[in-house]
Amino acid sequence: MSISVTTIDRIAVIRMQRPERRNAVDAATAKSLADAFRAFDADQGLDVAVFTGADDVFCAGADLKAIASGARVELSTVGDSPMGPPRLRLSKPVIAAIEGPAVAGGLELALWADIRIAGASAIFGVFNRRFGIPLVDLGTIRLPRIIGHGRAMDLILSGRSVDAAEALSIGLINRCVPDGEALPAAISLAQTLSSFPQTAMRQDRLSAIEQWGLDEDKAMANEIAHGLCTIASGETAAGAKNFGSGAGRHGKAL
């Protein structure tokens, strides 16, 4: 199997399992990844996914050896993208736990996640620049949005390597932890997110994602629509009642 899926409480851990190819993604792996994330999103017993790779490697990108051996790369504006899940818009959060390289298409997979946690020796970069391979898994879109246009152009054009310390300083990753601790840290954060009231968190998350394609007035209306979904769920009234009874104050979990 090129991927594995395990669960911890209400957390799904989805792991790329091709260490012999540094978790490079071929067509079969791309399909398996997309299907696994769709299944996670549809499972009402799961709240958060943690996305990682085997053997302290996140992902070295597309499997260029497979392409060199004649594997076809299908590019279309419909369906999944070549790396699998980057076009999916899930209703629940995904946290990337990154050790080692997250480069080329692997960087695009990491950018797809909502939050990125990396070990201190993790490496990022548009390494496909060296081989004439385009970014076609939303890398040219998400990278500028996450780190800013100027910094993104530096990485996209130069293809240079970025270590975890720089990645943290430019906002490419959210947290840097000691080597080997990315997965435990991601699972711990996932459990925290799972402990929150889910409707408000998911609706706020979707509003933040969807606003990129909207003008200010439409973004405001969309935010209100998501807020009304939360209120209609009863979660807001329950939360206010909990607050009134003293629960959840001063940063304490409910």
# chains A, B, ... in the order shown; residues from 1 in each chain; ligands from 1

$ residues_around --residues "Ala71 (chain A)" --least-positions-apart "4" --cutoff "9 Å" --atoms "only C-alpha atoms" --output "mmCIF file with N, CA and C atoms, in the first residue's frame"
data_model
loop_
_atom_site.group_PDB
_atom_site.id
_atom_site.type_symbol
_atom_site.label_atom_id
_atom_site.label_comp_id
_atom_site.auth_asym_id
_atom_site.auth_seq_id
_atom_site.Cartn_x
_atom_site.Cartn_y
_atom_site.Cartn_z
ATOM 1 N N ASP A 26 3.155 8.828 -7.259
ATOM 2 C CA ASP A 26 2.792 8.413 -8.614
ATOM 3 C C ASP A 26 1.285 8.495 -8.764
ATOM 4 N N ALA A 27 0.766 8.095 -9.906
ATOM 5 C CA ALA A 27 -0.664 8.255 -10.174
ATOM 6 C C ALA A 27 -1.520 7.464 -9.188
ATOM 7 N N LYS A 65 10.778 9.303 -11.663
ATOM 8 C CA LYS A 65 11.236 8.042 -12.252
ATOM 9 C C LYS A 65 10.094 7.351 -12.994
ATOM 10 N N ALA A 66 8.907 7.417 -12.423
ATOM 11 C CA ALA A 66 7.747 6.841 -13.101
ATOM 12 C C ALA A 66 7.450 7.594 -14.392
ATOM 13 N N ILE A 67 7.565 8.927 -14.333
ATOM 14 C CA ILE A 67 7.331 9.732 -15.536
ATOM 15 C C ILE A 67 8.384 9.430 -16.586
#

$ select_by_dssp --residues "region 50-122 of chain A" --states "helix (DSSP H, G or I)" --output "list in words"
Leu64, Lys65, Ala66, Ile67, Ala68, Gly105, Gly106, Leu107, Glu108, Leu109, Ala110, Leu111 and Trp112 of chain A

$ closest_residue --among "A:Trp112, A:Phe243, A:Phe196, A:Phe51" --to "Ala182 (chain A)" --atoms "only C-alpha atoms"
A:Phe51

$ residues_around --residues "His226 (chain A)" --least-positions-apart "4" --cutoff "12 Å" --atoms "only C-alpha atoms" --output "JSON list (two decimals) with N, CA and C atoms, in the first residue's frame"
[["chain", "number", "residue", "atom", "x", "y", "z"],
["A", 199, "THR", "N", -18.93, 22.98, 14.83],
["A", 199, "THR", "CA", -19.63, 23.73, 13.79],
["A", 199, "THR", "C", -19.03, 25.12, 13.60],
["A", 200, "ALA", "N", -18.82, 25.84, 14.67],
["A", 200, "ALA", "CA", -18.27, 27.19, 14.56],
["A", 200, "ALA", "C", -16.88, 27.16, 13.95],
["A", 201, "MET", "N", -16.05, 26.22, 14.39],
["A", 201, "MET", "CA", -14.69, 26.15, 13.87],
["A", 201, "MET", "C", -14.69, 25.85, 12.37],
["A", 202, "ARG", "N", -15.51, 24.91, 11.96],
["A", 202, "ARG", "CA", -15.53, 24.53, 10.54],
["A", 202, "ARG", "C", -16.11, 25.64, 9.68],
["A", 203, "GLN", "N", -17.16, 26.31, 10.16],
["A", 203, "GLN", "CA", -17.75, 27.39, 9.39],
["A", 203, "GLN", "C", -16.79, 28.57, 9.27],
["A", 204, "ASP", "N", -16.10, 28.92, 10.35],
["A", 204, "ASP", "CA", -15.11, 30.01, 10.30],
["A", 204, "ASP", "C", -13.98, 29.65, 9.35],
["A", 205, "ARG", "N", -13.55, 28.40, 9.40],
["A", 205, "ARG", "CA", -12.48, 27.95, 8.51],
["A", 205, "ARG", "C", -12.89, 28.11, 7.04],
["A", 206, "LEU", "N", -14.10, 27.67, 6.70],
["A", 206, "LEU", "CA", -14.55, 27.76, 5.32],
["A", 206, "LEU", "C", -14.69, 29.21, 4.88],
["A", 207, "SER", "N", -15.18, 30.09, 5.76],
["A", 207, "SER", "CA", -15.29, 31.50, 5.41],
["A", 207, "SER", "C", -13.91, 32.09, 5.09],
["A", 208, "ALA", "N", -12.91, 31.72, 5.90],
["A", 208, "ALA", "CA", -11.55, 32.23, 5.67],
["A", 208, "ALA", "C", -10.99, 31.74, 4.34],
["A", 209, "ILE", "N", -11.32, 30.51, 3.95],
["A", 209, "ILE", "CA", -10.85, 29.97, 2.67],
["A", 209, "ILE", "C", -11.59, 30.61, 1.50],
["A", 210, "GLU", "N", -12.90, 30.70, 1.63],
["A", 210, "GLU", "CA", -13.72, 31.18, 0.51],
["A", 210, "GLU", "C", -13.56, 32.66, 0.22],
["A", 211, "GLN", "N", -13.13, 33.45, 1.22],
["A", 211, "GLN", "CA", -13.04, 34.89, 1.00],
["A", 211, "GLN", "C", -12.03, 35.26, -0.08],
["A", 219, "ALA", "N", -17.71, 38.72, 0.51],
["A", 219, "ALA", "CA", -17.01, 38.02, 1.59],
["A", 219, "ALA", "C", -17.73, 38.25, 2.92],
["A", 220, "MET", "N", -18.20, 39.49, 3.14],
["A", 220, "MET", "CA", -18.92, 39.79, 4.37],
["A", 220, "MET", "C", -20.23, 39.00, 4.43],
["A", 221, "ALA", "N", -20.96, 38.98, 3.31],
["A", 221, "ALA", "CA", -22.21, 38.23, 3.27],
["A", 221, "ALA", "C", -21.96, 36.74, 3.50],
["A", 222, "ASN", "N", -20.88, 36.25, 2.94],
["A", 222, "ASN", "CA", -20.53, 34.84, 3.10],
["A", 222, "ASN", "C", -20.18, 34.52, 4.55],
["A", 230, "THR", "N", -23.79, 28.36, 12.07],
["A", 230, "THR", "CA", -23.35, 28.01, 13.42],
["A", 230, "THR", "C", -24.44, 28.29, 14.44],
["A", 231, "ILE", "N", -25.04, 29.47, 14.35],
["A", 231, "ILE", "CA", -26.09, 29.84, 15.30],
["A", 231, "ILE", "C", -27.27, 28.87, 15.20],
["A", 232, "ALA", "N", -27.65, 28.51, 13.96],
["A", 232, "ALA", "CA", -28.78, 27.61, 13.76],
["A", 232, "ALA", "C", -28.51, 26.22, 14.34],
["A", 233, "SER", "N", -27.24, 25.85, 14.44],
["A", 233, "SER", "CA", -26.90, 24.53, 14.97],
["A", 233, "SER", "C", -27.16, 24.41, 16.46]]

$ atom_distance --atom1 "CA of Leu143 (chain A)" --atom2 "CA of Ala96 (chain A)"
15.2 Å

$ closest_residue --among "A:Arg10, A:Lys31, A:Lys218, A:Arg160" --to "Phe124 (chain A)" --atoms "only C-alpha atoms"
A:Arg160

$ residues_around --residues "Ala120 (chain A)" --least-positions-apart "3" --cutoff "7 Å" --atoms "only C-alpha atoms" --output "list in words"
Ala164, Cys176, Val177, Pro178 and Asp179 of chain A
